[in-house]
Each structure stands twice: as C-alpha cells, then as structure tokens.
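Chemist: So that you have it, the file is data.cif, and it contains mmCIF, C-alpha atoms:
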data_work
loop_
_atom_site.label_atom_id
_atom_site.label_comp_id
_atom_site.auth_asym_id
_atom_site.auth_seq_id
_atom_site.Cartn_x
_atom_site.Cartn_y
_atom_site.Cartn_z
CA MET A 45 -5.54 -20.55 6.91
CA ALA A 46 -3.66 -17.65 5.42
CA TRP A 47 -0.40 -19.21 6.68
CA ARG A 48 -1.12 -22.41 4.76
CA ALA A 49 -1.82 -20.37 1.67
CA LEU A 50 1.63 -18.83 1.97
CA TRP A 51 3.36 -22.20 2.41
CA ARG A 52 1.82 -23.46 -0.87
CA VAL A 53 3.26 -20.59 -2.86
CA GLY A 54 6.79 -21.07 -4.21
CA PRO A 55 9.70 -18.75 -3.45
CA VAL A 56 8.04 -16.61 -0.81
CA LEU A 57 9.78 -14.86 2.04
CA VAL A 58 8.39 -17.02 4.82
CA PRO A 59 7.60 -14.98 7.92
CA ARG A 60 8.93 -16.20 11.24
CA CYS A 61 6.55 -18.04 13.53
CA PRO A 62 4.26 -15.47 15.10
CA ARG A 63 4.32 -17.00 18.59
CA LEU A 64 4.50 -14.26 21.15
CA SER A 65 7.66 -14.55 23.21
CA PRO A 66 7.33 -13.08 26.69
CA PRO A 67 8.90 -9.66 27.17
CA ALA A 68 12.30 -9.74 28.83
CA LEU A 69 11.32 -7.43 31.66
CA ARG A 70 8.18 -7.92 33.72
CA VAL A 71 6.87 -4.74 35.32
CA PRO A 72 5.53 -5.33 38.83
CA ALA A 73 1.74 -5.43 38.90
CA ALA A 74 1.39 -3.05 41.84
CA ARG A 75 -0.43 0.14 40.99
CA ARG A 76 -1.21 3.00 43.29
CA LEU A 77 -3.69 5.74 42.34
CA ALA A 78 -2.95 9.19 43.71
CA THR A 79 -5.68 11.85 43.50
CA SER A 80 -4.74 13.29 40.15
CA SER A 81 -1.81 11.26 38.84
CA LEU A 82 -0.64 7.70 38.57
CA VAL A 83 2.63 6.94 40.33
CA LEU A 84 3.56 3.75 38.50
CA SER A 85 1.29 1.47 36.55
CA ALA A 86 1.91 -1.86 34.93
CA ARG A 87 2.11 -1.92 31.16
CA LYS A 88 -1.31 -1.92 29.50
CA PHE A 89 -2.11 -2.90 25.94
CA THR A 90 -4.55 -1.89 23.22
CA ASP A 91 -6.17 -4.25 20.73
CA LYS A 92 -4.06 -2.53 18.09
CA HIS A 93 -0.90 -3.78 19.79
CA GLU A 94 0.33 -0.54 21.32
CA TRP A 95 1.41 -0.52 24.97
CA ILE A 96 1.49 2.30 27.51
CA SER A 97 3.16 2.46 30.88
CA VAL A 98 2.42 5.43 33.14
CA GLU A 99 4.83 6.92 35.69
CA ASN A 100 4.14 10.13 37.61
CA GLY A 101 1.39 11.12 35.24
CA ILE A 102 3.44 10.61 32.07
CA GLY A 103 2.72 7.65 29.80
CA THR A 104 5.37 6.00 27.65
CA VAL A 105 3.98 4.43 24.46
CA GLY A 106 5.38 1.73 22.21
CA ILE A 107 4.32 -1.27 20.15
CA SER A 108 4.25 -4.84 21.41
CA ASN A 109 6.54 -7.69 20.47
CA PHE A 110 3.69 -9.26 18.52
CA ALA A 111 3.37 -6.07 16.48
CA GLN A 112 7.07 -5.62 15.75
CA GLU A 113 7.34 -9.24 14.56
CA ALA A 114 4.33 -8.82 12.29
CA LEU A 115 5.76 -5.63 10.78
CA GLY A 116 9.25 -6.79 9.97
CA ASP A 117 12.28 -4.52 10.17
CA VAL A 118 11.20 -0.94 10.85
CA VAL A 119 13.04 1.50 8.59
CA TYR A 120 11.30 4.75 9.44
CA CYS A 121 9.19 6.19 12.28
CA SER A 122 6.81 9.06 11.54
CA LEU A 123 6.00 10.60 14.92
CA PRO A 124 4.00 13.68 15.99
CA GLU A 125 5.39 16.98 17.21
CA ILE A 126 5.77 17.70 20.92
CA GLY A 127 2.66 19.47 22.09
CA THR A 128 0.29 17.57 19.79
CA LYS A 129 -2.95 16.80 21.58
CA LEU A 130 -4.23 13.28 21.01
CA SER A 131 -7.55 11.62 21.76
CA LYS A 132 -7.79 7.95 22.57
CA HIS A 133 -7.80 5.89 19.32
CA GLU A 134 -6.55 8.86 17.31
CA GLU A 135 -3.89 8.13 14.76
CA PHE A 136 -0.60 9.71 15.85
CA GLY A 137 1.95 8.46 13.35
CA ALA A 138 3.16 5.55 11.31
CA LEU A 139 5.97 3.03 11.16
CA GLU A 140 7.42 1.95 7.83
CA SER A 141 8.78 -1.52 7.18
CA VAL A 142 9.11 -3.66 4.04
CA LYS A 143 7.64 -0.86 1.93
CA ALA A 144 4.55 -0.77 4.16
CA ALA A 145 3.34 2.18 6.23
CA SER A 146 1.48 1.07 9.33
CA GLU A 147 -0.58 3.47 11.43
CA LEU A 148 -0.08 4.08 15.14
CA TYR A 149 -3.10 4.80 17.35
CA SER A 150 -3.05 6.63 20.66
CA PRO A 151 -3.94 4.40 23.63
CA LEU A 152 -5.18 7.36 25.71
CA SER A 153 -6.08 11.04 25.48
CA GLY A 154 -3.27 13.43 26.33
CA GLU A 155 -0.53 15.68 25.02
CA VAL A 156 2.76 14.54 23.51
CA THR A 157 5.63 15.58 25.79
CA GLU A 158 8.55 13.77 24.21
CA ILE A 159 9.40 11.67 21.16
CA ASN A 160 12.19 9.11 20.98
CA ALA A 161 14.92 10.94 19.05
CA ALA A 162 17.06 7.77 18.89
CA LEU A 163 14.61 6.31 16.36
CA ALA A 164 15.57 8.84 13.68
CA ASP A 165 18.98 7.22 13.21
CA ASN A 166 18.12 3.81 14.58
CA PRO A 167 14.52 2.85 13.74
CA GLY A 168 15.45 -0.81 14.28
CA LEU A 169 15.27 -0.19 18.03
CA VAL A 170 11.52 -0.70 17.65
CA ASN A 171 12.23 -4.31 16.68
CA LYS A 172 15.22 -4.96 18.93
CA SER A 173 13.83 -3.42 22.11
CA CYS A 174 10.13 -2.73 21.68
CA TYR A 175 9.46 -2.41 25.44
CA GLN A 176 12.59 -0.45 26.39
CA ASP A 177 14.82 1.55 24.03
CA GLY A 178 12.31 1.34 21.17
CA TRP A 179 9.63 3.45 22.91
CA LEU A 180 7.87 5.87 20.55
CA ILE A 181 6.37 8.83 22.43
CA LYS A 182 5.65 10.07 25.93
CA MET A 183 2.39 11.79 26.69
CA THR A 184 0.35 13.26 29.54
CA VAL A 185 -2.61 11.23 30.80
CA GLU A 186 -5.62 13.50 30.58
CA ASN A 187 -8.11 10.92 31.84
CA PRO A 188 -6.65 8.12 34.02
CA ALA A 189 -9.95 6.21 33.80
CA GLU A 190 -9.10 5.45 30.14
CA LEU A 191 -6.23 3.30 31.41
CA ASP A 192 -8.77 0.91 32.96
CA GLU A 193 -10.22 0.23 29.53
CA LEU A 194 -6.93 -1.24 28.30
CA MET A 195 -5.77 -4.84 28.66
CA ASN A 196 -3.21 -5.92 31.21
CA GLU A 197 -0.42 -8.23 30.10
CA ASP A 198 -2.28 -11.48 30.79
CA ALA A 199 -5.40 -10.29 28.99
CA TYR A 200 -3.27 -9.14 26.05
CA GLU A 201 -1.50 -12.50 25.80
CA LYS A 202 -4.90 -14.23 25.76
CA TYR A 203 -6.05 -11.77 23.08
CA ILE A 204 -3.02 -12.58 20.91
CA LYS A 205 -3.70 -16.31 21.21
CA SER A 206 -7.33 -15.80 20.26
CA ILE A 207 -6.52 -13.90 17.09
CA GLU A 208 -3.79 -16.34 16.08
CA ASP A 209 -6.07 -19.39 16.11
CA MET B 1031 -14.50 -18.70 8.75
CA SER B 1032 -16.27 -17.74 5.54
CA ARG B 1033 -14.85 -14.56 4.14
CA GLY B 1034 -16.85 -13.62 1.09
CA PRO B 1035 -15.53 -12.79 -2.37
CA VAL B 1036 -13.16 -9.93 -3.17
CA ARG B 1037 -14.72 -7.19 -5.26
CA VAL B 1038 -12.75 -6.30 -8.42
CA LEU B 1039 -13.06 -2.75 -9.72
CA ARG B 1040 -11.50 -2.43 -13.16
CA LEU B 1041 -11.24 1.29 -13.76
CA GLY B 1042 -9.28 1.15 -17.03
CA LEU B 1043 -7.34 4.26 -18.03
CA ARG B 1044 -7.95 6.80 -15.23
CA PRO B 1045 -6.00 9.60 -13.53
CA TYR B 1046 -4.11 8.45 -10.43
CA ALA B 1047 -6.16 10.80 -8.23
CA GLU B 1048 -9.35 9.12 -9.36
CA ALA B 1049 -8.03 5.67 -8.52
CA LEU B 1050 -7.24 7.02 -5.05
CA ARG B 1051 -10.80 8.30 -4.65
CA VAL B 1052 -12.23 4.89 -5.56
CA GLN B 1053 -9.77 3.28 -3.15
CA GLU B 1054 -11.00 5.59 -0.37
CA ARG B 1055 -14.55 4.39 -0.96
CA CYS B 1056 -13.38 0.78 -0.84
CA LEU B 1057 -11.68 1.50 2.49
CA ARG B 1058 -14.95 2.83 3.88
CA ALA B 1059 -16.69 -0.33 2.71
CA ALA B 1060 -14.01 -2.51 4.31
CA ARG B 1061 -14.35 -0.72 7.67
CA ALA B 1062 -18.14 -0.92 7.51
CA ALA B 1063 -17.98 -4.63 6.73
CA ARG B 1064 -16.37 -5.22 10.12
CA THR B 1065 -19.07 -3.60 12.13
CA GLY B 1066 -22.19 -3.63 9.98
CA PRO B 1067 -25.14 -6.00 10.05
CA GLY B 1068 -24.81 -9.42 8.48
CA VAL B 1069 -25.88 -10.30 4.98
CA PRO B 1070 -29.38 -11.78 5.28
CA GLY B 1071 -29.38 -15.50 4.58
CA VAL B 1072 -25.60 -15.80 4.39
CA ALA B 1073 -24.11 -17.15 7.61
CA GLY B 1074 -20.80 -15.82 8.85
CA VAL B 1075 -20.49 -12.88 6.47
CA PRO B 1076 -20.69 -9.63 8.39
CA GLY B 1077 -21.39 -6.38 6.64
CA PRO B 1078 -23.64 -5.40 3.75
CA GLY B 1079 -21.53 -7.04 1.04
CA PRO B 1080 -17.93 -7.91 0.15
CA GLY B 1081 -15.73 -5.97 2.53
CA GLU B 1082 -12.59 -6.58 0.52
CA SER B 1083 -11.77 -5.22 -2.92
CA VAL B 1084 -9.00 -4.71 -5.39
CA VAL B 1085 -8.91 -1.54 -7.49
CA LEU B 1086 -7.21 -2.00 -10.86
CA SER B 1087 -6.33 0.93 -13.09
CA GLU B 1088 -3.88 2.25 -15.66
CA PRO B 1089 -2.73 5.78 -14.77
CA ALA B 1090 -3.90 8.07 -17.58
CA GLU B 1091 -1.26 10.75 -16.98
CA PRO B 1092 2.32 10.72 -15.78
CA VAL B 1093 2.72 11.36 -12.06
CA TYR B 1094 5.56 11.00 -9.56
CA VAL B 1095 4.41 9.80 -6.14
CA TRP B 1096 6.35 9.48 -2.88
CA GLY B 1097 5.49 7.87 0.46
CA LEU B 1098 6.22 8.76 4.08
CA ARG B 1099 9.77 9.43 2.91
CA GLY B 1100 11.29 10.56 -0.36
CA ALA B 1101 9.58 13.90 -0.99
CA PRO B 1102 11.58 15.61 -3.75
CA GLU B 1103 13.32 18.92 -3.00
CA ALA B 1104 11.70 22.02 -4.48
CA GLU B 1105 14.19 22.25 -7.36
CA VAL B 1106 13.71 18.61 -8.34
CA ALA B 1107 9.94 18.96 -8.05
CA ALA B 1108 9.98 21.97 -10.37
CA ARG B 1109 12.01 20.07 -12.96
CA LEU B 1110 9.66 17.10 -12.83
CA ARG B 1111 6.65 19.38 -13.28
CA ALA B 1112 8.36 21.09 -16.20
CA ARG B 1113 8.45 17.71 -17.91
CA GLY B 1114 4.68 17.56 -17.75
CA ALA B 1115 4.25 15.21 -14.81
CA GLY B 1116 2.06 15.63 -11.77
CA LEU B 1117 3.40 15.21 -8.23
CA ALA B 1118 1.65 13.63 -5.27
CA ALA B 1119 2.32 12.33 -1.79
CA ALA B 1120 0.71 9.07 -0.70
CA ARG B 1121 0.51 7.68 2.80
CA ARG B 1122 2.28 4.44 1.96
CA GLY B 1123 5.66 2.79 2.37
CA GLY B 1124 8.39 3.20 -0.21
CA ARG B 1125 10.04 6.35 -1.56
CA ILE B 1126 9.50 8.10 -4.90
CA THR B 1127 8.34 6.27 -7.97
CA PHE B 1128 6.58 6.95 -11.27
CA HIS B 1129 3.06 6.03 -12.36
CA GLY B 1130 1.79 6.48 -15.89
CA PRO B 1131 0.24 4.90 -18.98
CA GLY B 1132 1.32 1.35 -19.70
CA GLN B 1133 1.45 0.46 -16.02
CA LEU B 1134 -0.93 -1.76 -14.08
CA LEU B 1135 -1.75 -0.12 -10.76
CA ALA B 1136 -3.35 -2.52 -8.26
CA PHE B 1137 -4.70 -1.45 -4.89
CA PRO B 1138 -5.87 -4.49 -2.87
CA VAL B 1139 -8.06 -3.38 0.04
CA LEU B 1140 -7.88 -6.47 2.22
CA ASP B 1141 -8.64 -7.14 5.87
CA LEU B 1142 -5.45 -8.67 7.30
CA ARG B 1143 -7.06 -9.33 10.65
CA ARG B 1144 -9.72 -11.55 9.09
CA ARG B 1145 -7.02 -13.26 7.04
CA ARG B 1146 -4.75 -13.66 10.11
CA LEU B 1147 -1.94 -12.32 7.95
CA PRO B 1148 0.85 -10.16 9.39
CA LEU B 1149 1.86 -7.12 7.38
CA ARG B 1150 5.14 -8.49 6.11
CA GLY B 1151 3.34 -11.69 5.14
CA TYR B 1152 1.00 -9.56 3.07
CA VAL B 1153 3.88 -7.82 1.28
CA ALA B 1154 5.43 -11.25 0.64
CA ALA B 1155 2.09 -12.38 -0.79
CA LEU B 1156 2.03 -9.42 -3.20
CA GLU B 1157 5.50 -10.40 -4.39
CA ALA B 1158 4.40 -14.01 -4.77
CA LEU B 1159 1.40 -12.87 -6.79
CA VAL B 1160 3.56 -10.94 -9.25
CA LEU B 1161 6.04 -13.82 -9.51
CA ARG B 1162 3.18 -16.17 -10.42
CA LEU B 1163 1.99 -13.69 -13.02
CA CYS B 1164 5.50 -13.47 -14.47
CA ARG B 1165 5.77 -17.24 -14.69
CA ARG B 1166 2.40 -17.35 -16.46
CA LEU B 1167 3.73 -14.85 -19.01
CA GLY B 1168 6.97 -16.76 -19.54
CA LEU B 1169 9.31 -14.78 -17.26
CA ALA B 1170 10.56 -17.51 -14.96
CA ALA B 1171 13.69 -15.53 -14.03
CA ALA B 1172 11.77 -12.79 -12.17
CA ARG B 1173 12.54 -12.72 -8.47
CA ALA B 1174 11.62 -10.93 -5.28
CA LEU B 1175 14.44 -9.54 -3.15
CA PRO B 1176 14.50 -8.96 0.62
CA PRO B 1177 14.17 -5.45 2.08
CA PRO B 1178 15.19 -2.77 1.24
CA PHE B 1179 14.74 -4.14 -2.27
CA THR B 1180 11.09 -5.10 -1.85
CA GLY B 1181 9.54 -5.51 -5.27
CA VAL B 1182 9.91 -7.84 -8.24
CA TRP B 1183 13.10 -7.71 -10.27
CA MET B 1184 14.64 -8.96 -13.49
CA GLY B 1185 18.32 -8.92 -12.67
CA ASP B 1186 19.16 -5.43 -11.44
CA SER B 1187 16.07 -3.83 -12.93
CA LYS B 1188 12.79 -3.43 -11.15
CA LEU B 1189 9.73 -4.71 -12.95
CA CYS B 1190 7.15 -4.09 -10.24
CA ALA B 1191 7.21 -1.62 -7.36
CA ILE B 1192 5.40 -2.30 -4.09
CA GLY B 1193 4.33 0.25 -1.51
CA VAL B 1194 1.45 -0.35 0.86
CA HIS B 1195 -0.38 1.16 3.78
CA CYS B 1196 -2.04 -0.64 6.66
CA GLY B 1197 -4.48 1.05 9.02
CA ASN B 1198 -6.47 -1.01 11.48
CA HIS B 1199 -5.26 -4.10 9.61
CA ILE B 1200 -6.90 -2.93 6.38
CA THR B 1201 -4.54 -2.49 3.43
CA SER B 1202 -4.42 0.14 0.73
CA HIS B 1203 -2.09 1.19 -2.07
CA GLY B 1204 -0.24 -1.82 -3.40
CA LEU B 1205 1.78 -2.40 -6.51
CA ALA B 1206 2.69 -0.90 -9.87
CA LEU B 1207 3.68 -3.34 -12.63
CA ASN B 1208 5.37 -1.94 -15.75
CA CYS B 1209 3.69 -3.53 -18.77
CA CYS B 1210 4.58 -1.12 -21.58
CA THR B 1211 5.43 1.94 -19.53
CA ASP B 1212 7.64 4.57 -21.14
CA LEU B 1213 10.64 3.85 -18.94
CA THR B 1214 12.39 7.14 -19.74
CA TRP B 1215 10.14 8.80 -17.12
CA PHE B 1216 12.18 6.95 -14.49
CA ASP B 1217 15.41 8.62 -15.69
CA HIS B 1218 14.54 11.81 -13.82
CA ILE B 1219 14.35 10.26 -10.35
CA VAL B 1220 16.19 7.67 -8.29
CA PRO B 1221 13.33 5.14 -8.28
CA CYS B 1222 12.44 4.09 -4.73
CA GLY B 1223 15.64 5.84 -3.60
CA LEU B 1224 17.75 2.86 -4.73
CA GLU B 1225 20.90 4.15 -6.43
CA GLY B 1226 22.47 2.07 -9.16
CA LYS B 1227 19.40 0.03 -9.97
CA GLY B 1228 17.39 0.13 -13.18
CA VAL B 1229 13.80 -0.33 -14.20
CA THR B 1230 12.24 -2.57 -16.79
CA SER B 1231 8.89 -3.63 -18.16
CA LEU B 1232 7.17 -6.82 -19.27
CA SER B 1233 7.36 -5.59 -22.87
CA ARG B 1234 11.10 -5.04 -22.64
CA GLU B 1235 11.75 -8.40 -21.01
CA LEU B 1236 9.48 -10.40 -23.31
CA GLY B 1237 10.49 -8.56 -26.48
CA ARG B 1238 6.88 -7.92 -27.48
CA HIS B 1239 4.23 -5.30 -26.79
CA VAL B 1240 2.42 -6.29 -23.59
CA THR B 1241 -0.42 -3.99 -22.53
CA VAL B 1242 -2.19 -3.65 -19.20
CA ASP B 1243 -5.24 -5.36 -20.72
CA HIS B 1244 -3.12 -8.37 -21.65
CA VAL B 1245 -2.09 -8.98 -18.06
CA LEU B 1246 -5.40 -8.35 -16.29
CA GLN B 1247 -6.69 -11.92 -16.47
CA PRO B 1248 -3.44 -13.67 -15.51
CA PHE B 1249 -3.09 -11.08 -12.71
CA LEU B 1250 -6.55 -11.91 -11.37
CA ASP B 1251 -5.90 -15.65 -11.67
CA SER B 1252 -2.70 -15.27 -9.64
CA PHE B 1253 -4.51 -13.03 -7.14
CA GLN B 1254 -7.17 -15.66 -6.50
CA GLU B 1255 -4.54 -18.32 -5.93
CA VAL B 1256 -2.29 -16.36 -3.60
CA PHE B 1257 -5.10 -14.81 -1.55
CA ASP B 1258 -7.28 -17.93 -1.61
CA CYS B 1259 -10.43 -16.08 -2.62
CA THR B 1260 -13.12 -15.81 -5.23
CA LEU B 1261 -13.67 -12.63 -7.19
CA VAL B 1262 -16.76 -10.66 -8.09
CA PHE B 1263 -16.61 -7.92 -10.72
CA SER B 1264 -18.26 -4.66 -9.80
CA GLU B 1265 -18.55 -1.00 -10.74
CA ASP B 1266 -19.48 -0.06 -7.20
CA PRO B 1267 -17.05 0.20 -4.26
CA GLY B 1268 -19.93 -0.74 -1.99
CA ASP B 1269 -19.58 2.08 0.52
#
Could I get this structure in the form of structure tokens?

Modeler:
Amino acid sequence: MAWRALWRVGPVLVPRCPRLSPPALRVPAARRLATSSLVLSARKFTDKHEWISVENGIGTVGISNFAQEALGDVVYCSLPEIGTKLSKHEEFGALESVKAASELYSPLSGEVTEINAALADNPGLVNKSCYQDGWLIKMTVENPAELDELMNEDAYEKYIKSIED
Amino acid sequence: MSRGPVRVLRLGLRPYAEALRVQERCLRAARAARTGPGVPGVAGVPGPGPGESVVLSEPAEPVYVWGLRGAPEAEVAARLRARGAGLAAARRGGRITFHGPGQLLAFPVLDLRRRRLPLRGYVAALEALVLRLCRRLGLAAARALPPPFTGVWMGDSKLCAIGVHCGNHITSHGLALNCCTDLTWFDHIVPCGLEGKGVTSLSRELGRHVTVDHVLQPFLDSFQEVFDCTLVFSEDPGD
C-alpha cells in the first residue's frame, strides 16, 4: 500500500523493485558441530536482515541483499572497535545512506575480532557485494546455540516474501 | 491492515534539546505499540494508542548539529560557540547543519515495517512532502536532487535539509525547513558538507515574510497525503 502511495506522488525518486534476487554464491548447507567450535556453517539470517556465517569459531557479519537495496547507496559505515563485546540483538553500529542512519544489530553474542577496513574508503562495497567483500565485522561466537535461533536461507527468503506482501 | 492515526505534537518555539526529549518519548511509544496489547474495541490496532507520531517545533535558540559524520574540529567548534550557538551531535544521517528560530523542525516517528516502506523510499517521501508543500505555497520550481544532495532545493540553494535515523524500522529525526531563518548563521559552516552550495528560505524565495506558523497547516495537509494517514493532535507522546 505504501508503494502505491509513492506512485501517486509526482516527481519522486522511485525506488527499484524490492524483489530479492538470489545471492550469487550459495554456501553448502553442510554443518558440522565440533565440541566447542563450529567448523563451517551455512549463512544464517536475522529478522533485521543481518547475516552471519561461522568458520572455525569466528563469525563474519554483513547485511542481506534485501537490506542493501532498501537502504540505497551506503556512504558511511560506523563500526565498533576491535575487542567490543556484543550481546545478541545489541546495536553495534550504523550504516548511512541517503542522509539516513540505519542501526546494525548483532546476530549473536561475542567479541569483535576484526572490522572491514576496506569500507572506510569504499562503503559502496556493502551494496555491490553484500555477502562477500562488503562484510562488516568478524566476531567470536560465545554461545553456538544462538546460531540455531537464526533463519537459514530458505526461511529468510520466505520471511522476506511475507513482509513484502 | 488498519494502521491508526499519526499523533501530531506541535511544540511551538522550544529548544532543540527539548524537541529531542519529546521525540525520545514518541520512540518509546512506537516500540511499545508493536508489542503491547490491542486497543479494546478497535480491531487490528496493536498497542495502547497511536504508535506513530510527528513532532513539530521551531528551535528557540541557534544550534549547530552534526550526524554520524561532520563533527567540527575543536577550533571551528570554539568559533561557533563564540557566536552564541549551541553544538550537538545527533544519531542521524547527514553532516553539519544549523537549526534556529524561523525554521520548521519536523521529526516523523513512523513504523516503516508496518508501512512496508524501505528506508530510501521514506527519504523520498519526505522530499515529496516538502515539494507538495512548496507547490501549495507557490514555489513550483523547488526540486529534490539525488544523493549526495538529498534535500529540497531552489536552484543551487537548499531550502530544506533532511537527515533521518532508522532503528528497528522506526524513524526519527527528519527535516528542517527554512521559513524565515536568519540565513547568515549558515555562513559559518559548510552546510551538510556540500561546498559551493547556498541556502535559502521560503521568505527569501517568495519575497514575503513566511513564518513557521504559516506553513504548519499546509505541511500537515501534505503529510497526510504523502503518508496516507489521518492525524490526531495531542500534547502527550503516549509513552
């Protein structure tokens, strides 16, 4: 309904169609649980459109294609310092686009081990390569059980469709 | 899906910090409206009352405000203070700008998830709203420009600045429309970090004295049209 409202209004910057296009790279679904660390897990998603992919106990976090399309061109990434401890759902930074600051929320509890330095000079990577070069932070996984609470890719795609209708 | 009216809080002439405090209460109300119990007897409206609001004010004192970026260096900050202005950081997009008397400050606190509106669609809607208002006032030549020039312009001069925040799909901050602002305050900064651009006001463009009170009704009319809502006037943020 909001889309129709925008079409009625005159010279408006019309957003592109929000259909989710599938990510270019599909991570294999196999997941093996070691005693205290995850070897490789498939990408999981939050309902706030962040994704996390865990390898050898370290999670890489980014935003989904749906999110980067909704934001528009990212011009600035405000990310936490290495060593910051985050709880699941805690706000860890913001992305700025079209004069809008949009919060980022941590998918899991853990400690920030790395931030993507390439984003300082090239914040557009978040739009161009949201699942690869546009990753935001890496963090430890304090509680692997939290990963089970997140959506897998199929569930996330269904979730997107449900909120679009 | 029924959405309920948008609550309008007209604060009048108030310090910027006070408008922020009222906005914070509106944000609490918006979050509560998502999870709270329904309104008895009204189907499909979750929460104790209108979850969405728009806070309207006219900054009582001059203040320079920056967003995630654009914090002034210490020397610049000292000079701005020496001119009698306050300084503040706000968690919003956009760089440094000026707020003061003669300016309409509007903070829509809307739930973009309920509206199924992506963030850049929301910013486009704010621009559309101001363009409608300008047309109502006789300024058909006003236009919105694509990023990084988000905002509403008359030629090379910015009439209305936009800078928003979105957390959990709920918006805050918003826009600042120069009605009869003393534009010399902008001389001491590079507004929004855009070199070589000017600023203007409705009064300057229309050649007559246009106050914030003059534009309130046409602003609200345009708001209702663009956001497809009804309005309810209130003194209470509802938190």

Chemist: Evaluating the PyMOL selection byres ((chain B and resi 1050-1053) around 12) on the displayed file yields which residues, as a PyMOL selection string?

Modeler: chain B and resi 1037-1041+1044-1049+1054-1060+1082-1087+1089+1118-1121+1135-1140+1195+1200-1204+1265-1269

Chemist: Could you list the residues chosen by the PyMOL selection byres ((chain A and resi 182-193) around 8) in this structure as JSON, numbers by chain?

Modeler: {"A": [81, 82, 88, 101, 102, 103, 104, 105, 152, 153, 154, 155, 156, 157, 158, 159, 180, 181, 194, 195]}

Chemist: Could you make a table, as a Markdown table, of the residues of chain B that have an atom within 7 Å of an atom of chain A, each with its nearest atom pair and distance in Å to one decimal, counting all atoms listed in the file, in chain and number order?

Modeler:
| residue | atom | partner | partner_atom | distance |
| --- | --- | --- | --- | --- |
| B:Arg1122 | CA | A:Ala145 | CA | 4.9 |
| B:Gly1123 | CA | A:Ala144 | CA | 4.1 |
| B:Gly1124 | CA | A:Lys143 | CA | 4.7 |
| B:Arg1145 | CA | A:Ala46 | CA | 5.8 |
| B:Arg1146 | CA | A:Ala46 | CA | 6.3 |
| B:Leu1147 | CA | A:Ala46 | CA | 6.1 |
| B:Pro1148 | CA | A:Ala114 | CA | 4.7 |
| B:Leu1149 | CA | A:Leu115 | CA | 5.4 |
| B:Arg1150 | CA | A:Leu115 | CA | 5.5 |
| B:Gly1151 | CA | A:Pro59 | CA | 6.1 |
| B:Ala1154 | CA | A:Leu57 | CA | 5.8 |
| B:Ala1158 | CA | A:Val56 | CA | 6.0 |
| B:Pro1177 | CA | A:Val142 | CA | 5.7 |
| B:Pro1178 | CA | A:Val142 | CA | 6.8 |
| B:Thr1180 | CA | A:Val142 | CA | 6.4 |
| B:Ile1192 | CA | A:Lys143 | CA | 6.6 |
| B:Gly1193 | CA | A:Lys143 | CA | 4.9 |
| B:Val1194 | CA | A:Ala144 | CA | 4.5 |
| B:His1195 | CA | A:Ala145 | CA | 4.6 |
| B:Cys1196 | CA | A:Ser146 | CA | 4.7 |
| B:Gly1197 | CA | A:Glu147 | CA | 5.2 |
| B:Val1256 | CA | A:Ala49 | CA | 6.6 |
| B:Asp1258 | CA | A:Ala49 | CA | 6.8 |

Chemist: Here is a test: counting only C-alpha atoms, which residue of A:Cys174, A:Val118, A:Leu169, A:Ala162 is nearest to Ile96 (chain A)?

Modeler: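 So, comparing all the options, the nearest one is A:Cys174.
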
Chemist: Identify, on the basis of all atoms listed in the file, every residue whose closest approach to Pro1035 (chain B) does not exceed 8 Å; exclude the query and any residue fewer than 5 positions from it along the same chain; express the result as a PyMOL selection string.

Modeler: chain B and resi 1080+1082+1259-1262

Chemist: List the spatial neighbours of region 1237-1239 of chain B as a PyMOL selection string - criterion: any atom at most 12 Å away, all atoms listed in the file, same-chain residues fewer than 5 positions off excluded.

Modeler: chain B and resi 1132+1167-1169+1208-1212+1230-1232+1244-1245

Chemist: Report, in Å with one decimal, the straight-line distance from CA of Gly1226 (chain B) to CA of Met1184 (chain B).

Modeler: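 Distance between the two atoms: 14.2 Å.
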
Chemist: Could you state the separation of CA of Tyr1094 (chain B) and CA of Val1106 (chain B) in Å, given to one decimal place?

Modeler: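 Distance between the two atoms: 11.2 Å.
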
Chemist: Step by step: start from the point (9.2, 18.2, -14.4) in the file's coordinates, keep every protein, DNA or RNA residue that has an atom no farther than 12 Å from it, count all atoms listed in the file, and write the set as a PyMOL selection string.

Modeler: chain B and resi 1092-1094+1102+1104-1117+1128+1215-1219

Chemist: If the PyMOL selection byres ((chain B and resi 1172) around 8) is run on the structure shown, which residues does it catch, given as a PDB file with C-alpha atoms, in the coordinates of the input?

Modeler:
ATOM      1  CA  LEU B1161       6.040 -13.820  -9.510  1.00  0.00           C
ATOM      2  CA  CYS B1164       5.500 -13.470 -14.470  1.00  0.00           C
ATOM      3  CA  ARG B1165       5.770 -17.240 -14.690  1.00  0.00           C
ATOM      4  CA  LEU B1169       9.310 -14.780 -17.260  1.00  0.00           C
ATOM      5  CA  ALA B1170      10.560 -17.510 -14.960  1.00  0.00           C
ATOM      6  CA  ALA B1171      13.690 -15.530 -14.030  1.00  0.00           C
ATOM      7  CA  ARG B1173      12.540 -12.720  -8.470  1.00  0.00           C
ATOM      8  CA  ALA B1174      11.620 -10.930  -5.280  1.00  0.00           C
ATOM      9  CA  VAL B1182       9.910  -7.840  -8.240  1.00  0.00           C
ATOM     10  CA  TRP B1183      13.100  -7.710 -10.270  1.00  0.00           C
ATOM     11  CA  MET B1184      14.640  -8.960 -13.490  1.00  0.00           C
ATOM     12  CA  GLY B1185      18.320  -8.920 -12.670  1.00  0.00           C
TER      13      GLY B1185
END

Chemist: So how far away is CA of Gln1254 (chain B) from CA of Val1229 (chain B), in Å?

Modeler: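 Those two atoms sit 27.1 Å apart.
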
Chemist: In terms of the shortest atom-to-atom distance over only C-alpha atoms, which of B:Arg1099, B:Arg1061, B:His1129, B:Arg1143 is closest to His1199 (chain B)?

Modeler: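 Among B:Arg1099, B:Arg1061, B:His1129, B:Arg1143, it is B:Arg1143 that comes nearest to His1199 (chain B).
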
Chemist: Could you check which of B:Asn1198, B:Val1160, B:Glu1225, B:Val1240 is closest to Thr90 (chain A), using all atoms listed in the file?

Modeler: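 Selected residue with least distance to Thr90 (chain A): B:Asn1198.
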